[in-house]
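Okay, structure first, notes after.
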Amino acid sequence: MEYDLPVAQMARGDDIEGFYVLKSAFSKVANNGKPFLNLTLSDRTGAVDAKVWDYPGPIGAADEGKVVKIRGSVSEFRGALQVTVERIRLAGEDDRYDVTALVPTAPIDGEAMYASVEALLDSITDADYKAVCRELLRRHSESFRTIPAAKSVHHGFLYGLLMHTGNMMQLADFLAGMYADTVDRSLLLAGTFAHDLQKEREFRFSALGLVTDYSVPGQLLGHLVMGAQEIAEIAKELDVSEEKSVLLRHLVLSHHGEPEFGAAVRPVCAESELLSYIDMIDSRMEIYREVLGATPLGGFSDRVFALDGKKLYHHE
């Protein structure tokens, strides 16, 4: 018996038991008139079709996205692996399983990245910008550590927002030094840290922490507007000058670069211009990393519509 065997390692003849995500489930009726459950099980390594014969429920389509514990055997049907499930139940509160083994997770050391972000925030020399960032971190610390940065396209996995923001802050720190005679490092670092924090409210999340949809505020306002609103509120509470409050809000509102890409306003200061490029660089490089990871060496990917429909070449 193989326990918690990754989907990618399953082979015909394996007997398995463990926890998997119920990616899809459809109740059907067999030719003999008995009900059965047609389902797809998944973990971070892949997905596999499965059947639960002579099964009237209670598990069904309403449980998609939840974790189930199964026992069964792996066979082959029409050239593809298939699991015949003998037992199935929803995971309970007392069950212990590794969520990071079940859903896509950022390829980072989360604690080290969080510590890097804190260190960069501590290095902000402007007391007002540092105070705003510290209050933002206090409010968003838990979600900032864990949530994805997107529903899809880039960083759409657990700890994605931490990875995206941490990468961007390191790049912002470097570029602020390179252009020190033009860029206010404190403003740039503060805007970089704050730019996506309201994705906590923009998205709806599954029980496993992945993005399932946009929230009503997310669709009606979006994370740029909600982020600017929160900064205005905090700046007022901390008695930060209106000029600094407006500048920081401008960075958040303009970080998508152009209105056609979702910016509320266009960047009109050096720090907002630089932030929009930093955001684009990190998001695009993550798209390359994810796409090329699934593309054979020496081959081209399928068209990547997030990159203007280009096919990406995977070289050594």
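Chain labels follow the order of the structure tokens: the first chain is A, the next B, and so on; residue numbering restarts at 1 in every chain, and ligands are counted from 1 in their shown order.
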### Message
Env of Ala306 (chain A): 12 Å cut, atoms = only C-alpha atoms, seq-sep filter 6 positions within chain, self excluded. Answer as a list of chain:residue names.
### Response
A:Ser152, A:Val153, A:His154, A:Phe261, A:Met280, A:Ser283, A:Arg284, A:Met285, A:Glu286, A:Ile287, A:Tyr288, A:Val291, A:Leu312
Please produce a file of the residues just selected, as a CSV table (one decimal), in the first residue's frame, where the atoms kept are N, CA, C and O atoms.
chain,number,residue,atom,x,y,z
A,152,SER,N,-4.9,33.4,-12.0
A,152,SER,CA,-4.2,32.6,-13.0
A,152,SER,C,-3.1,33.5,-13.5
A,152,SER,O,-2.8,34.5,-12.9
A,153,VAL,N,-2.5,33.2,-14.6
A,153,VAL,CA,-1.5,33.9,-15.3
A,153,VAL,C,-0.1,33.9,-14.6
A,153,VAL,O,0.8,33.4,-15.2
A,154,HIS,N,0.0,34.5,-13.4
A,154,HIS,CA,1.3,34.5,-12.8
A,154,HIS,C,1.1,34.4,-11.2
A,154,HIS,O,0.2,35.0,-10.7
A,261,PHE,N,-4.3,48.3,-19.3
A,261,PHE,CA,-3.9,47.2,-18.5
A,261,PHE,C,-4.4,47.2,-17.1
A,261,PHE,O,-4.0,46.5,-16.2
A,280,MET,N,5.8,44.6,-14.0
A,280,MET,CA,5.7,43.9,-15.3
A,280,MET,C,6.9,42.9,-15.4
A,280,MET,O,6.7,41.8,-15.9
A,283,SER,N,6.2,39.8,-13.1
A,283,SER,CA,5.1,39.0,-13.5
A,283,SER,C,5.4,38.3,-14.8
A,283,SER,O,5.1,37.1,-15.0
A,284,ARG,N,6.1,38.9,-15.7
A,284,ARG,CA,6.4,38.3,-17.0
A,284,ARG,C,7.5,37.2,-16.8
A,284,ARG,O,7.4,36.1,-17.5
A,285,MET,N,8.5,37.4,-16.0
A,285,MET,CA,9.5,36.4,-15.7
A,285,MET,C,8.9,35.2,-15.1
A,285,MET,O,9.3,34.0,-15.3
A,286,GLU,N,7.8,35.4,-14.2
A,286,GLU,CA,7.2,34.2,-13.6
A,286,GLU,C,6.4,33.4,-14.7
A,286,GLU,O,6.3,32.2,-14.6
A,287,ILE,N,5.8,34.1,-15.6
A,287,ILE,CA,5.1,33.5,-16.7
A,287,ILE,C,6.0,32.6,-17.5
A,287,ILE,O,5.8,31.4,-17.8
A,288,TYR,N,7.2,33.2,-17.8
A,288,TYR,CA,8.2,32.4,-18.5
A,288,TYR,C,8.6,31.2,-17.7
A,288,TYR,O,8.7,30.0,-18.2
A,291,VAL,N,5.7,28.5,-17.8
A,291,VAL,CA,5.5,28.0,-19.1
A,291,VAL,C,6.7,27.1,-19.5
A,291,VAL,O,6.5,26.0,-20.0
A,312,LEU,N,6.9,30.5,-26.6
A,312,LEU,CA,8.2,30.7,-25.9
A,312,LEU,C,9.1,29.5,-26.2
A,312,LEU,O,8.7,28.3,-26.2
### Message
Need to verify the contact set: region 201-211 of chain A, 7 Å, only C-alpha atoms, exclusion of same-chain residues closer than 6 positions in sequence. Can you return it as a list of chain:residue names?
### Response
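Result of the neighbour search: A:Gly65, A:Lys66, A:Ile147, A:Pro148, A:Lys151, A:Phe157, A:Leu158, A:Pro217, A:Gly218, A:Gly222, A:His223.
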If you count only C-alpha atoms, which residues fall within 9 Å of Thr192 (chain A), apart from same-chain ones fewer than 2 positions away, as a short mmCIF file (atom, residue, chain, number, x, y, z; two decimals) with C-alpha atoms, in the first residue's frame?
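For reference, result21.cif as written:
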data_model
loop_
_atom_site.label_atom_id
_atom_site.label_comp_id
_atom_site.auth_asym_id
_atom_site.auth_seq_id
_atom_site.Cartn_x
_atom_site.Cartn_y
_atom_site.Cartn_z
CA THR A 165 6.18 41.30 -3.57
CA MET A 168 9.80 43.19 -6.52
CA MET A 169 11.11 44.82 -3.36
CA ALA A 172 13.20 48.08 -6.31
CA LEU A 187 8.60 56.05 -1.59
CA LEU A 188 9.48 53.36 -4.12
CA LEU A 189 9.88 50.63 -1.48
CA ALA A 190 6.68 51.68 0.28
CA ALA A 194 1.67 48.22 -0.74
CA HIS A 195 0.80 47.72 -4.41
CA ASP A 196 -1.06 44.36 -4.22
CA LEU A 251 2.01 54.54 -6.98
CA VAL A 252 -0.68 52.02 -6.13
CA HIS A 255 1.27 50.41 -11.01
CA LEU A 275 7.18 50.49 -10.07
CA ILE A 278 9.21 46.30 -11.86
CA ASP A 279 5.71 44.79 -11.62
#
### Query
How many Å separate CA of Leu39 (chain A) from CA of Ser24 (chain A)?
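Computing it gives 5.3 Å between the two atoms.
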Produce a table with one row for each residue of region 88-149 of chain A that has an atom at most 7 Å from any atom of region 68-82 of chain A, each row naming the nearest atom pair and its distance in Å at one decimal; use only C-alpha atoms; arrange rows by chain and rising residue number; format as a Markdown table.
| residue | atom | partner | partner_atom | distance |
| --- | --- | --- | --- | --- |
| A:Ile88 | CA | A:Ile70 | CA | 4.5 |
| A:Arg89 | CA | A:Lys69 | CA | 5.5 |
| A:Leu90 | CA | A:Val68 | CA | 4.3 |
| A:Ala91 | CA | A:Val68 | CA | 5.0 |
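Of the listed residues A:Ala263, A:Tyr277, A:Ala8, A:Leu175, the one whose atoms come nearest to Val225 (chain A) is A:Ala263, with distances taken using only C-alpha atoms.
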### Message
To one decimal place in Å, what is the distance between CA of Ser254 (chain A) and CA of Cys269 (chain A)?
### Response
10.1 Å
### Task
Write out as a list in words all residues of region 181-237 of chain A that backbone DSSP assigns to strand (DSSP E).
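Matching residues for strand (DSSP E) in region 181-237 of chain A are Phe203, Arg204, Phe205, Val211, Thr212, Asp213 and Tyr214 of chain A.
Nearest-residue note for Lys199 (chain A): choosing from A:Gln170, A:Asn38, A:Ser143, A:Thr295, the minimum distance belongs to A:Ser143, counting only C-alpha atoms.
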### Query
Which residue out of A:His155, A:Arg138, A:Arg289, A:Lys51 has the minimum interatomic distance to Val85 (chain A) when only C-alpha atoms are used?
A:Lys51
### Every residue of region 3-105 of chain A that DSSP places in alpha helix (DSSP H), as number ranges by chain
A: 99-102
Selected residues, all heavy atoms, written as an mmCIF file, in the first residue's frame, please.
data_model
loop_
_atom_site.group_PDB
_atom_site.id
_atom_site.type_symbol
_atom_site.label_atom_id
_atom_site.label_comp_id
_atom_site.auth_asym_id
_atom_site.auth_seq_id
_atom_site.Cartn_x
_atom_site.Cartn_y
_atom_site.Cartn_z
ATOM 1 N N VAL A 99 -0.934 20.489 3.106
ATOM 2 C CA VAL A 99 -1.623 21.244 2.060
ATOM 3 C C VAL A 99 -0.682 21.547 0.899
ATOM 4 O O VAL A 99 -1.077 21.517 -0.274
ATOM 5 C CB VAL A 99 -2.201 22.554 2.627
ATOM 6 C CG1 VAL A 99 -2.769 23.428 1.505
ATOM 7 C CG2 VAL A 99 -3.292 22.252 3.648
ATOM 8 N N THR A 100 0.592 21.819 1.187
ATOM 9 C CA THR A 100 1.531 22.171 0.123
ATOM 10 C C THR A 100 1.809 20.999 -0.817
ATOM 11 O O THR A 100 2.335 21.193 -1.910
ATOM 12 C CB THR A 100 2.866 22.679 0.700
ATOM 13 O OG1 THR A 100 3.497 21.633 1.454
ATOM 14 C CG2 THR A 100 2.634 23.875 1.607
ATOM 15 N N ALA A 101 1.461 19.780 -0.384
ATOM 16 C CA ALA A 101 1.603 18.623 -1.278
ATOM 17 C C ALA A 101 0.392 18.481 -2.198
ATOM 18 O O ALA A 101 0.441 17.746 -3.185
ATOM 19 C CB ALA A 101 1.781 17.345 -0.463
ATOM 20 N N LEU A 102 -0.687 19.194 -1.880
ATOM 21 C CA LEU A 102 -1.935 19.038 -2.620
ATOM 22 C C LEU A 102 -2.188 20.151 -3.629
ATOM 23 O O LEU A 102 -2.891 19.940 -4.618
ATOM 24 C CB LEU A 102 -3.112 18.965 -1.638
ATOM 25 C CG LEU A 102 -3.097 17.793 -0.655
ATOM 26 C CD1 LEU A 102 -4.321 17.861 0.254
ATOM 27 C CD2 LEU A 102 -3.061 16.469 -1.387
#
